[in-house]
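Asks: Input query13.cif, format and content: mmCIF, C-alpha atoms and all ligand atoms.
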data_data
#
loop_
_atom_site.label_atom_id
_atom_site.label_comp_id
_atom_site.auth_asym_id
_atom_site.auth_seq_id
_atom_site.Cartn_x
_atom_site.Cartn_y
_atom_site.Cartn_z
CA MET A 6 -33.24 0.39 6.17
CA THR A 7 -30.81 1.04 8.97
CA GLU A 8 -29.83 4.60 9.62
CA VAL A 9 -26.40 5.57 8.26
CA ARG A 10 -24.49 7.17 11.10
CA PRO A 11 -20.95 8.45 11.24
CA LEU A 12 -18.40 6.08 12.78
CA LEU A 13 -17.06 8.90 14.95
CA GLU A 14 -18.98 11.95 16.04
CA VAL A 15 -17.41 14.47 18.37
CA ARG A 16 -19.91 16.89 19.86
CA ASP A 17 -18.95 20.12 21.58
CA MET A 18 -15.91 18.59 23.30
CA ARG A 19 -14.18 20.79 25.89
CA ILE A 20 -10.93 19.94 27.61
CA SER A 21 -8.86 22.01 29.99
CA ILE A 22 -5.59 21.34 31.77
CA PRO A 23 -5.06 22.91 35.19
CA THR A 24 -1.40 23.88 35.60
CA GLN A 25 0.59 25.90 38.14
CA ARG A 26 0.49 28.88 35.77
CA GLY A 27 -3.29 28.65 35.38
CA VAL A 28 -5.88 26.66 33.47
CA VAL A 29 -4.92 25.83 29.86
CA HIS A 30 -8.04 26.01 27.66
CA ALA A 31 -6.82 23.39 25.21
CA VAL A 32 -10.09 22.37 23.48
CA ASN A 33 -13.00 24.79 23.58
CA GLY A 34 -16.06 23.06 22.15
CA ILE A 35 -15.19 21.26 18.93
CA SER A 36 -17.54 19.15 16.84
CA TYR A 37 -16.80 16.95 13.85
CA GLN A 38 -17.91 13.76 12.17
CA VAL A 39 -15.94 11.04 10.41
CA ASN A 40 -17.84 8.62 8.20
CA ARG A 41 -16.81 5.04 7.53
CA GLY A 42 -14.05 4.91 4.92
CA GLU A 43 -13.36 8.64 5.27
CA VAL A 44 -10.11 10.41 6.14
CA MET A 45 -10.63 13.62 8.09
CA GLY A 46 -7.69 15.93 8.63
CA ILE A 47 -7.20 18.15 11.64
CA ILE A 48 -4.92 20.98 10.66
CA GLY A 49 -3.55 23.92 12.58
CA GLU A 50 -0.41 25.52 13.96
CA SER A 51 1.44 23.98 16.86
CA GLY A 52 -0.48 24.38 20.13
CA SER A 53 -3.92 24.62 18.50
CA GLY A 54 -5.28 21.58 20.37
CA LYS A 55 -4.94 18.89 17.71
CA SER A 56 -3.21 16.33 19.92
CA VAL A 57 -5.12 16.97 23.14
CA SER A 58 -8.47 16.63 21.32
CA SER A 59 -7.38 13.37 19.71
CA TYR A 60 -5.88 11.87 22.85
CA ALA A 61 -9.23 12.50 24.51
CA VAL A 62 -10.96 10.31 21.90
CA MET A 63 -8.59 7.48 22.88
CA HIS A 64 -8.73 8.27 26.63
CA LEU A 65 -4.99 8.76 26.39
CA MET A 66 -5.40 11.68 28.71
CA LYS A 67 -2.61 12.31 31.04
CA LYS A 68 -4.15 12.37 34.50
CA ASN A 69 -4.22 16.16 34.58
CA PHE A 70 -6.54 16.61 31.57
CA ARG A 71 -10.06 17.61 32.55
CA VAL A 72 -13.09 16.85 30.37
CA ASP A 73 -15.35 19.89 30.80
CA GLY A 74 -18.07 18.73 28.46
CA GLY A 75 -19.13 17.13 25.24
CA GLN A 76 -19.57 13.69 23.79
CA VAL A 77 -17.49 11.36 21.66
CA LEU A 78 -19.86 8.98 19.93
CA PHE A 79 -18.07 5.97 18.45
CA ASP A 80 -20.48 3.84 16.45
CA GLY A 81 -23.24 5.52 18.46
CA GLU A 82 -21.82 4.95 21.96
CA ASP A 83 -20.48 7.83 24.06
CA ILE A 84 -16.96 6.59 24.79
CA LEU A 85 -15.87 9.83 26.46
CA ALA A 86 -18.12 8.82 29.36
CA LEU A 87 -16.72 5.28 29.67
CA SER A 88 -14.49 4.22 32.55
CA ASP A 89 -10.90 3.41 31.58
CA GLU A 90 -11.69 -0.26 32.12
CA LYS A 91 -14.68 -0.20 29.74
CA MET A 92 -12.56 1.72 27.23
CA GLN A 93 -9.90 -1.02 27.17
CA PRO A 94 -11.41 -3.17 24.38
CA TYR A 95 -11.70 -0.10 22.14
CA ARG A 96 -8.15 1.14 22.59
CA GLY A 97 -5.78 -0.73 20.28
CA GLY A 98 -8.75 -2.86 19.16
CA ARG A 99 -11.52 -0.94 17.37
CA ILE A 100 -9.62 2.36 17.65
CA SER A 101 -5.90 2.65 17.18
CA MET A 102 -3.34 5.44 17.12
CA ILE A 103 0.01 6.22 15.51
CA PHE A 104 2.30 8.98 16.70
CA GLN A 105 4.92 11.31 15.28
CA ASP A 106 7.79 9.64 17.07
CA PRO A 107 7.76 5.83 16.78
CA LEU A 108 10.84 5.47 18.99
CA SER A 109 8.94 6.71 22.01
CA CYS A 110 6.22 4.09 21.42
CA LEU A 111 8.27 1.05 20.44
CA ASP A 112 9.81 -0.83 23.33
CA PRO A 113 13.59 -1.20 22.87
CA VAL A 114 13.83 -4.36 25.00
CA TYR A 115 11.36 -6.47 22.98
CA THR A 116 11.70 -7.62 19.38
CA ILE A 117 9.36 -6.13 16.83
CA GLY A 118 7.78 -9.57 16.38
CA ARG A 119 6.98 -9.84 20.07
CA GLN A 120 5.40 -6.39 20.17
CA LEU A 121 3.16 -7.26 17.23
CA THR A 122 2.12 -10.68 18.51
CA GLU A 123 1.41 -9.37 22.01
CA THR A 124 -0.86 -6.72 20.55
CA VAL A 125 -2.87 -9.49 18.85
CA LEU A 126 -2.92 -11.71 21.95
CA ALA A 127 -4.10 -8.81 24.13
CA HIS A 128 -7.22 -8.37 22.01
CA GLU A 129 -8.03 -11.72 20.46
CA LYS A 130 -8.24 -15.35 21.55
CA VAL A 131 -5.86 -16.93 19.04
CA THR A 132 -2.82 -19.17 19.39
CA LYS A 133 0.69 -17.73 19.58
CA GLU A 134 1.50 -19.32 16.20
CA ALA A 135 -1.54 -17.71 14.56
CA ALA A 136 -0.60 -14.35 16.08
CA GLU A 137 2.95 -14.69 14.75
CA GLN A 138 1.69 -15.51 11.28
CA ARG A 139 -0.57 -12.44 11.41
CA ALA A 140 2.44 -10.36 12.46
CA VAL A 141 4.54 -11.54 9.50
CA ASN A 142 1.66 -10.87 7.08
CA MET A 143 1.12 -7.42 8.55
CA LEU A 144 4.81 -6.52 8.22
CA LYS A 145 4.58 -7.54 4.57
CA ALA A 146 1.43 -5.46 4.13
CA VAL A 147 3.25 -2.33 5.30
CA GLY A 148 5.94 -2.93 2.69
CA LEU A 149 8.67 -4.53 4.80
CA ARG A 150 9.99 -7.20 2.45
CA ASP A 151 12.20 -9.18 4.82
CA ALA A 152 9.28 -9.57 7.22
CA GLU A 153 10.48 -12.84 8.82
CA GLN A 154 13.84 -11.28 9.72
CA MET A 155 12.17 -8.09 10.85
CA MET A 156 10.28 -10.11 13.49
CA ASN A 157 13.58 -10.75 15.31
CA ARG A 158 14.92 -7.21 15.17
CA TYR A 159 14.80 -4.39 17.69
CA SER A 160 13.48 -0.89 17.03
CA PHE A 161 16.89 0.76 17.48
CA GLU A 162 18.36 -1.41 14.70
CA ILE A 163 16.16 -0.07 11.89
CA SER A 164 15.71 3.24 10.03
CA GLY A 165 13.13 5.91 10.89
CA GLY A 166 11.00 5.06 7.85
CA MET A 167 11.00 1.34 8.76
CA ARG A 168 10.08 2.18 12.37
CA GLN A 169 7.09 4.19 11.21
CA ARG A 170 6.02 1.22 9.05
CA VAL A 171 6.32 -1.04 12.11
CA MET A 172 4.19 1.43 14.12
CA ILE A 173 1.56 1.34 11.39
CA ALA A 174 1.69 -2.48 11.44
CA ILE A 175 1.12 -2.52 15.22
CA ALA A 176 -1.72 -0.02 14.89
CA LEU A 177 -3.46 -2.00 12.15
CA ILE A 178 -2.87 -5.59 13.23
CA CYS A 179 -6.17 -5.87 15.10
CA ASP A 180 -8.10 -4.43 12.13
CA PRO A 181 -9.26 -1.20 13.78
CA GLU A 182 -12.27 0.62 12.38
CA LEU A 183 -10.74 3.98 13.25
CA LEU A 184 -7.10 5.03 13.05
CA ILE A 185 -5.93 8.28 14.63
CA ALA A 186 -2.61 9.41 13.16
CA ASP A 187 -0.90 12.28 14.98
CA GLU A 188 1.61 13.92 12.60
CA PRO A 189 2.88 10.45 11.59
CA THR A 190 5.24 11.72 8.89
CA THR A 191 6.53 14.96 10.40
CA ALA A 192 9.82 13.43 11.57
CA LEU A 193 10.57 11.81 8.19
CA ASP A 194 12.31 13.19 5.13
CA VAL A 195 10.12 14.10 2.17
CA THR A 196 10.67 10.93 0.12
CA VAL A 197 9.91 8.60 3.03
CA GLN A 198 6.99 10.85 4.01
CA ASP A 199 5.47 10.38 0.54
CA GLN A 200 5.88 6.60 0.77
CA ILE A 201 4.23 6.45 4.19
CA LEU A 202 1.34 8.68 3.09
CA ARG A 203 0.76 6.48 0.05
CA LEU A 204 0.89 3.36 2.24
CA LEU A 205 -1.61 4.79 4.73
CA ARG A 206 -3.98 5.84 1.97
CA THR A 207 -3.85 2.38 0.37
CA LEU A 208 -4.38 0.53 3.66
CA VAL A 209 -7.26 2.80 4.71
CA ARG A 210 -8.95 2.22 1.36
CA GLU A 211 -8.34 -1.55 1.29
CA LYS A 212 -9.63 -2.07 4.82
CA HIS A 213 -12.42 0.51 4.50
CA MET A 214 -11.16 2.14 7.70
CA SER A 215 -11.78 5.67 8.87
CA MET A 216 -8.91 7.92 9.84
CA VAL A 217 -8.38 11.15 11.74
CA PHE A 218 -5.15 12.54 10.31
CA ILE A 219 -3.45 15.32 12.26
CA THR A 220 -0.97 17.60 10.55
CA HIS A 221 0.24 21.20 10.53
CA ASN A 222 0.98 20.90 6.81
CA PHE A 223 -1.76 21.61 4.28
CA SER A 224 0.02 19.93 1.37
CA VAL A 225 0.28 16.71 3.41
CA ALA A 226 -3.44 16.98 4.25
CA ALA A 227 -4.24 17.49 0.56
CA GLN A 228 -2.51 14.21 -0.29
CA ILE A 229 -4.49 12.05 2.08
CA CYS A 230 -7.67 13.68 3.45
CA ASP A 231 -11.21 13.77 2.14
CA SER A 232 -12.30 16.48 4.56
CA VAL A 233 -10.52 18.80 6.94
CA SER A 234 -11.15 20.71 10.17
CA VAL A 235 -8.99 23.77 10.72
CA MET A 236 -8.15 24.34 14.40
CA TYR A 237 -6.94 27.44 16.19
CA GLY A 238 -6.77 28.07 19.93
CA GLY A 239 -8.81 24.96 20.70
CA TYR A 240 -11.61 25.90 18.27
CA ILE A 241 -12.49 24.59 14.83
CA LEU A 242 -12.78 27.70 12.65
CA GLU A 243 -13.49 26.13 9.26
CA GLN A 244 -14.35 22.63 8.10
CA GLY A 245 -15.40 20.90 4.92
CA PRO A 246 -14.25 18.87 1.94
CA ILE A 247 -10.50 19.29 1.43
CA ARG A 248 -10.84 20.39 -2.21
CA GLN A 249 -13.25 23.19 -1.32
CA ILE A 250 -11.18 24.42 1.59
CA PHE A 251 -8.05 24.27 -0.54
CA SER A 252 -9.52 26.13 -3.51
CA ASP A 253 -11.93 28.44 -1.68
CA PRO A 254 -10.88 28.97 1.94
CA VAL A 255 -13.22 31.51 3.50
CA HIS A 256 -11.76 31.94 6.99
CA PRO A 257 -8.90 34.47 7.39
CA TYR A 258 -6.95 31.93 9.50
CA THR A 259 -7.26 29.18 6.86
CA GLN A 260 -6.27 31.71 4.21
CA ALA A 261 -3.23 32.65 6.30
CA ILE A 262 -2.00 29.08 6.72
CA LEU A 263 -2.51 28.41 3.02
CA ARG A 264 -0.45 31.52 2.20
CA ALA A 265 2.24 30.25 4.55
CA MET A 266 2.47 26.98 2.62
CA PRO A 267 5.55 26.38 0.47
CA ARG A 268 4.65 26.96 -3.16
CA MET A 269 5.47 24.24 -5.69
CA GLU A 270 7.34 26.77 -7.83
CA ALA A 271 9.13 28.41 -4.88
CA GLU A 272 12.78 29.31 -5.46
CA PRO A 273 15.22 27.34 -3.31
CA GLY A 274 15.76 29.30 -0.12
CA GLU A 275 12.62 31.41 -0.62
CA ARG A 276 11.13 32.16 2.79
CA LEU A 277 7.63 31.17 3.74
CA MET A 278 5.30 33.95 4.66
CA PRO A 279 4.72 33.34 8.37
CA ILE A 280 1.38 34.10 9.94
CA GLU A 281 1.75 37.48 11.58
CA GLY A 282 1.31 38.05 15.29
CA GLU A 283 1.88 36.06 18.43
CA PRO A 284 0.50 32.54 18.85
CA ILE A 285 -2.45 32.38 21.21
CA ASP A 286 -1.90 32.04 24.98
CA PRO A 287 -4.33 29.27 25.96
CA ILE A 288 -4.28 30.37 29.62
CA HIS A 289 -5.39 33.92 28.80
CA MET A 290 -7.75 33.34 25.91
CA PRO A 291 -8.94 36.50 24.14
CA ALA A 292 -12.69 37.20 24.23
CA GLY A 293 -14.66 36.89 21.00
CA CYS A 294 -12.99 35.34 17.97
CA PRO A 295 -9.75 33.69 19.16
CA PHE A 296 -7.96 34.83 15.98
CA HIS A 297 -8.82 38.54 16.38
CA PRO A 298 -5.44 39.68 17.81
CA ARG A 299 -3.78 38.45 14.59
CA CYS A 300 -6.51 39.11 12.04
CA ALA A 301 -6.13 41.95 9.53
CA HIS A 302 -9.94 42.11 9.18
CA ALA A 303 -10.79 42.26 12.90
CA MET A 304 -13.81 44.44 13.73
CA GLU A 305 -15.25 45.57 17.05
CA ILE A 306 -17.71 42.65 17.15
CA CYS A 307 -14.78 40.22 16.73
CA ARG A 308 -13.42 41.33 20.11
CA GLN A 309 -16.79 40.74 21.77
CA SER A 310 -18.45 37.56 20.56
CA PHE A 311 -17.50 34.24 19.04
CA PRO A 312 -18.95 34.13 15.51
CA ASP A 313 -21.92 31.89 14.70
CA MET A 314 -21.52 29.14 12.14
CA THR A 315 -22.00 30.10 8.49
CA GLU A 316 -22.80 27.38 5.96
CA ILE A 317 -20.89 28.07 2.77
CA THR A 318 -22.17 24.89 1.13
CA GLU A 319 -23.95 21.91 2.67
CA GLN A 320 -20.69 20.46 4.04
CA HIS A 321 -18.45 23.51 4.16
CA ARG A 322 -18.84 25.75 7.21
CA ALA A 323 -16.85 28.46 8.91
CA TYR A 324 -16.99 30.72 11.95
CA CYS A 325 -16.17 34.33 11.11
CA HIS A 326 -18.13 37.59 11.51
CA LEU A 327 -17.08 38.68 8.02
CA LEU A 328 -19.14 35.90 6.53
CA LYS A 329 -22.27 37.08 8.28
CA GLU A 330 -21.58 40.61 7.05
CA GLY A 331 -21.39 39.16 3.54
CA ASP A 332 -17.99 40.78 3.03
CA HIS A 333 -16.17 37.74 1.70
CA GLU A 334 -15.94 36.95 -1.97
N1 LIG B 1 0.28 17.94 29.50
C1 LIG B 1 0.05 19.23 29.28
N2 LIG B 1 0.11 20.13 30.31
C2 LIG B 1 -0.14 21.44 30.10
N3 LIG B 1 -0.47 21.97 28.91
C3 LIG B 1 -0.54 21.14 27.84
C4 LIG B 1 -0.28 19.73 27.97
N4 LIG B 1 -0.43 19.14 26.75
C5 LIG B 1 -0.77 20.15 25.91
N5 LIG B 1 -0.84 21.33 26.56
C6 LIG B 1 -1.21 22.64 25.99
O1 LIG B 1 -2.48 22.50 25.39
C7 LIG B 1 -2.54 23.26 24.17
C8 LIG B 1 -2.88 22.32 23.03
O2 LIG B 1 -1.78 21.42 22.84
P1 LIG B 1 -1.72 20.30 21.72
O3 LIG B 1 -3.05 19.64 21.58
O4 LIG B 1 -0.58 19.43 22.05
O5 LIG B 1 -1.41 21.16 20.40
P2 LIG B 1 -1.07 20.64 18.92
O6 LIG B 1 -1.13 19.15 18.92
O7 LIG B 1 -2.10 21.29 18.06
O8 LIG B 1 0.29 21.17 18.64
C9 LIG B 1 -1.17 23.92 24.02
O9 LIG B 1 -1.27 25.22 24.53
C10 LIG B 1 -0.27 23.08 24.88
O10 LIG B 1 0.79 23.84 25.39
S1 LIG B 2 -14.29 36.79 13.22
FE1 LIG B 2 -13.24 38.74 12.95
S2 LIG B 2 -11.22 38.45 13.88
FE2 LIG B 2 -12.13 36.44 13.60
S3 LIG B 2 -11.32 35.76 11.66
FE3 LIG B 2 -13.30 36.72 11.23
S4 LIG B 2 -12.81 38.86 10.79
FE4 LIG B 2 -11.00 37.98 11.73
MG MG B 3 0.42 17.78 18.54
#
Show this structure as C-alpha cells.
Replies:
Amino acid sequence: MTEVRPLLEVRDMRISIPTQRGVVHAVNGISYQVNRGEVMGIIGESGSGKSVSSYAVMHLMKKNFRVDGGQVLFDGEDILALSDEKMQPYRGGRISMIFQDPLSCLDPVYTIGRQLTETVLAHEKVTKEAAEQRAVNMLKAVGLRDAEQMMNRYSFEISGGMRQRVMIAIALICDPELLIADEPTTALDVTVQDQILRLLRTLVREKHMSMVFITHNFSVAAQICDSVSVMYGGYILEQGPIRQIFSDPVHPYTQAILRAMPRMEAEPGERLMPIEGEPIDPIHMPAGCPFHPRCAHAMEICRQSFPDMTEITEQHRAYCHLLKEGDHE
C-alpha cells in the first residue's frame, strides 16, 4: 500500500516584506494541508495574509517578499526551496491560479483563443491545431456557448462574468492538480458570483482537483469549501471542516467574523455588525495573541504568549488561551 499524503502541505511558512516604513510581518508561521479532491478555504479580513501566503506557494512573490522559513510540500516535494527555473513546470501546469480581477491578467492585445492556446503550447508538446481544439472545448466546459466565436474576441469586448470564465478556462486548460483561487468572485454581482461558484465546484469535482479558495466572505466559503483556515495578522487561528467551524466556531475572531456576516433574514439596509477595534498593523505586531487588542475576552496571558494549539476534534483546531482554560462552551 502506498502512503496517502496530502497534495499540498504548508509547514510553518513565514514571509516578511521589508519596506521603507519597516518590515511587514505578512505570514507568521502558518501550516495547512489540502488533500486530493478537497477544497480548502482561507478566510480572513483584508490584510490578514491570505494573498501573500498563496502567492508564495506559486512563487509569485514580488521581488521584495522574503521567505523567512517553512516548507511548501507539493506532492511530497518542497517547492518553496526550488529555483524559479525549476518551479516553471509547476506554475500554470500542475498548479494554477485565478485572481479577483481577470482584466489585470488577460492581455488586451491578444485574442482569448491565442491566450488559451499559448498556455497549452507552453506546457505541452502538441500541435497548434490540437491546442486550439482543446481551447474551444475548455471554453465550452466553462459554460461559454459560442466558444468558437469567443476564440476570436478580446478581453475588453466581453462582460465581467465571461472574463472570469475565460480566466478559469486558462487556469484549467493544462489540467492542474491544484487550483489557487484568490477571491475569484469578489468583483462580480451576486447572481454571476453564484454561477461561477457552482462552475468551480463542478469542475473541481469532475477533474478531482484540489483547490485553495481565498475569500473574506464566510457564506461564499460555505458554498464551496470542505475545510477552512481562518487567518488573522498572518496567523491561522482556527481550522477544520467548514460545517464544524460554521456551526461551532470556538475562536473569538472566527465568532466575530461570523457575527459580521449578513444574515439571510436581514432587513434591507440593515447594517452588518463590524468587528470592533483597529485592524492589525503588520509592522508593529502585538506580542502574544495577535487578536488581543480587539478581543473582548483578552486576559493578561493573551498579551504575553501566543496560545498553543487546542484540538477540538480530530480535524478541528484553534489557538486561543480561553480554550486551554476550558472557558468555552
Ligand atoms: N507588495 C507589498 N509590499 C508591502 N506590503 C505588502 C505587499 N503585499 C502585501 N503587503 C502587506 O502584507 C499584509 C498581508 O497582505 P495580503 O496577503 O495581501 O492580505 P489579504 O490577501 O489577506 O487581504 C498586509 O498588511 C499588506 O498590506
Ligand atoms: S488568546 Fe486571548 S486575546 Fe486571543 S482570542 Fe483567545 S481570549 Fe482573545
Ligand atoms: Mg488578498
Asks: Could you tell me how far CA of Ile306 (chain A) sits from atom FE4 of ligand LIG 2 (chain B), in Å to one decimal place?
Replies: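 Between atom FE4 of ligand LIG 2 (chain B) and CA of Ile306 (chain A) the gap is 9.8 Å.
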Asks: Counting only C-alpha atoms and all ligand atoms, what residues are within 12 Å of ligand MG 3 (chain B), given as a ChimeraX atom specification?
Replies: /A:31,47-60,103-106,186-189,191,218-221,236,239
Asks: Would you write out those residues with C-alpha atoms, as a PDB file, in the frame of the given file?
Replies:
ATOM      1  CA  ALA A  31      -6.820  23.390  25.210  1.00  0.00           C
ATOM      2  CA  ILE A  47      -7.200  18.150  11.640  1.00  0.00           C
ATOM      3  CA  ILE A  48      -4.920  20.980  10.660  1.00  0.00           C
ATOM      4  CA  GLY A  49      -3.550  23.920  12.580  1.00  0.00           C
ATOM      5  CA  GLU A  50      -0.410  25.520  13.960  1.00  0.00           C
ATOM      6  CA  SER A  51       1.440  23.980  16.860  1.00  0.00           C
ATOM      7  CA  GLY A  52      -0.480  24.380  20.130  1.00  0.00           C
ATOM      8  CA  SER A  53      -3.920  24.620  18.500  1.00  0.00           C
ATOM      9  CA  GLY A  54      -5.280  21.580  20.370  1.00  0.00           C
ATOM     10  CA  LYS A  55      -4.940  18.890  17.710  1.00  0.00           C
ATOM     11  CA  SER A  56      -3.210  16.330  19.920  1.00  0.00           C
ATOM     12  CA  VAL A  57      -5.120  16.970  23.140  1.00  0.00           C
ATOM     13  CA  SER A  58      -8.470  16.630  21.320  1.00  0.00           C
ATOM     14  CA  SER A  59      -7.380  13.370  19.710  1.00  0.00           C
ATOM     15  CA  TYR A  60      -5.880  11.870  22.850  1.00  0.00           C
ATOM     16  CA  ILE A 103       0.010   6.220  15.510  1.00  0.00           C
ATOM     17  CA  PHE A 104       2.300   8.980  16.700  1.00  0.00           C
ATOM     18  CA  GLN A 105       4.920  11.310  15.280  1.00  0.00           C
ATOM     19  CA  ASP A 106       7.790   9.640  17.070  1.00  0.00           C
ATOM     20  CA  ALA A 186      -2.610   9.410  13.160  1.00  0.00           C
ATOM     21  CA  ASP A 187      -0.900  12.280  14.980  1.00  0.00           C
ATOM     22  CA  GLU A 188       1.610  13.920  12.600  1.00  0.00           C
ATOM     23  CA  PRO A 189       2.880  10.450  11.590  1.00  0.00           C
ATOM     24  CA  THR A 191       6.530  14.960  10.400  1.00  0.00           C
ATOM     25  CA  PHE A 218      -5.150  12.540  10.310  1.00  0.00           C
ATOM     26  CA  ILE A 219      -3.450  15.320  12.260  1.00  0.00           C
ATOM     27  CA  THR A 220      -0.970  17.600  10.550  1.00  0.00           C
ATOM     28  CA  HIS A 221       0.240  21.200  10.530  1.00  0.00           C
ATOM     29  CA  MET A 236      -8.150  24.340  14.400  1.00  0.00           C
ATOM     30  CA  GLY A 239      -8.810  24.960  20.700  1.00  0.00           C
TER      31      GLY A 239
END
Asks: With all atoms listed in the file as the basis for distance, which of A:Ala261, A:Val171, A:Met155, A:Ile317 is at the shortest distance from ligand LIG 2 (chain B)?
Replies: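 Counting all atoms listed in the file, the residue closest to ligand LIG 2 (chain B) is A:Ala261.
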Asks: By how many Å are atom O9 of ligand LIG 1 (chain B) and CA of Met314 (chain A) apart?
Replies: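 Atom O9 of ligand LIG 1 (chain B) sits 24.1 Å away from CA of Met314 (chain A).
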Asks: Could you state the separation of atom C7 of ligand LIG 1 (chain B) and CA of Val15 (chain A) in Å, given to one decimal place?
Replies: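 Taking atom C7 of ligand LIG 1 (chain B) as the start and CA of Val15 (chain A) as the end point, the length is 18.2 Å.
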Asks: Might you pull out every residue within 10 Å of Ala303 (chain A), with all atoms listed in the file counted and same-chain residues fewer than 3 positions away left off, and present them as a PyMOL selection string?
Replies: chain A and resi 257+294+296-300+306-308+325-327
Asks: Atoms to include: C-alpha atoms. Write the selected residues as a compact mmCIF listing (two decimals), keeping the file's coordinate frame.
Replies:
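Written out: selection14.txt:
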# COMPACT_ATOMS: atom_id res chain seq x y z
CA PRO A 257 -8.90 34.47 7.39
CA CYS A 294 -12.99 35.34 17.97
CA PHE A 296 -7.96 34.83 15.98
CA HIS A 297 -8.82 38.54 16.38
CA PRO A 298 -5.44 39.68 17.81
CA ARG A 299 -3.78 38.45 14.59
CA CYS A 300 -6.51 39.11 12.04
CA ILE A 306 -17.71 42.65 17.15
CA CYS A 307 -14.78 40.22 16.73
CA ARG A 308 -13.42 41.33 20.11
CA CYS A 325 -16.17 34.33 11.11
CA HIS A 326 -18.13 37.59 11.51
CA LEU A 327 -17.08 38.68 8.02
Asks: Give me the residues near Tyr240 (chain A) as a PyMOL selection string, where near means some atom within 7 Å (using all atoms listed in the file) and where sequence neighbours in that chain fewer than 6 positions away do not count.
Replies: chain A and resi 32-35
Asks: List as a PyMOL selection string the protein and nucleic acid residues near Ile117 (chain A), meaning an atom at most 6 Å away when all atoms listed in the file are counted, but skip any in the same chain fewer than 5 places from it.
Replies: chain A and resi 156+158-159
Asks: Pull C-alpha atoms from the residues just selected and write them as a compact mmCIF listing (two decimals), in the coordinates of the input.
Replies:
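File part16.txt, as written:
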# COMPACT_ATOMS: atom_id res chain seq x y z
CA MET A 156 10.28 -10.11 13.49
CA ARG A 158 14.92 -7.21 15.17
CA TYR A 159 14.80 -4.39 17.69
Asks: Need to verify the contact set: Ile84 (chain A), 9 Å, all atoms listed in the file, exclusion of same-chain residues closer than 5 positions in sequence. Can you return it as a PyMOL selection string?
Replies: chain A and resi 62-64+76-79+91-92+95
Asks: Just want the 8 Å neighbourhood of Met290 (chain A), counted on all atoms listed in the file, with same-chain residues fewer than 5 positions away dropped. Output as a ChimeraX atom specification.
Replies: /A:30,285,295
Asks: Mind running region 194-291 of chain A against region 163-168 of chain A at 10 Å and telling me each contacting residue's nearest atom pair with the distance in Å (one decimal), counting only C-alpha atoms, chain and number ascending, as CSV?
Replies:
residue,atom,partner,partner_atom,distance
A:Asp194,CA,A:Gly166,CA,8.7
A:Thr196,CA,A:Gly166,CA,9.7
A:Val197,CA,A:Gly166,CA,6.1
A:Gln198,CA,A:Gly166,CA,8.0
A:Gln200,CA,A:Gly166,CA,8.9
A:Ile201,CA,A:Gly166,CA,7.8
Asks: Output, as JSON, the centre and edge lengths in Å (one decimal) of the axis-aligned box that contains all listed atoms of ligand LIG 2 (chain B) with 4 Å of margin on each side.
Replies:
{"center_x": -12.6, "center_y": 37.3, "center_z": 12.3, "size_x": 11.3, "size_y": 11.1, "size_z": 11.1}
Asks: Looking at A:His256, A:Lys68, A:His213, A:Arg264, which one is nearest to Asp180 (chain A), with distances taken over only C-alpha atoms?
Replies: A:His213
Asks: Closest to ligand LIG 1 (chain B) among A:Phe223, A:Tyr115, A:Tyr258, A:Tyr237, using all atoms listed in the file?
Replies: A:Tyr237
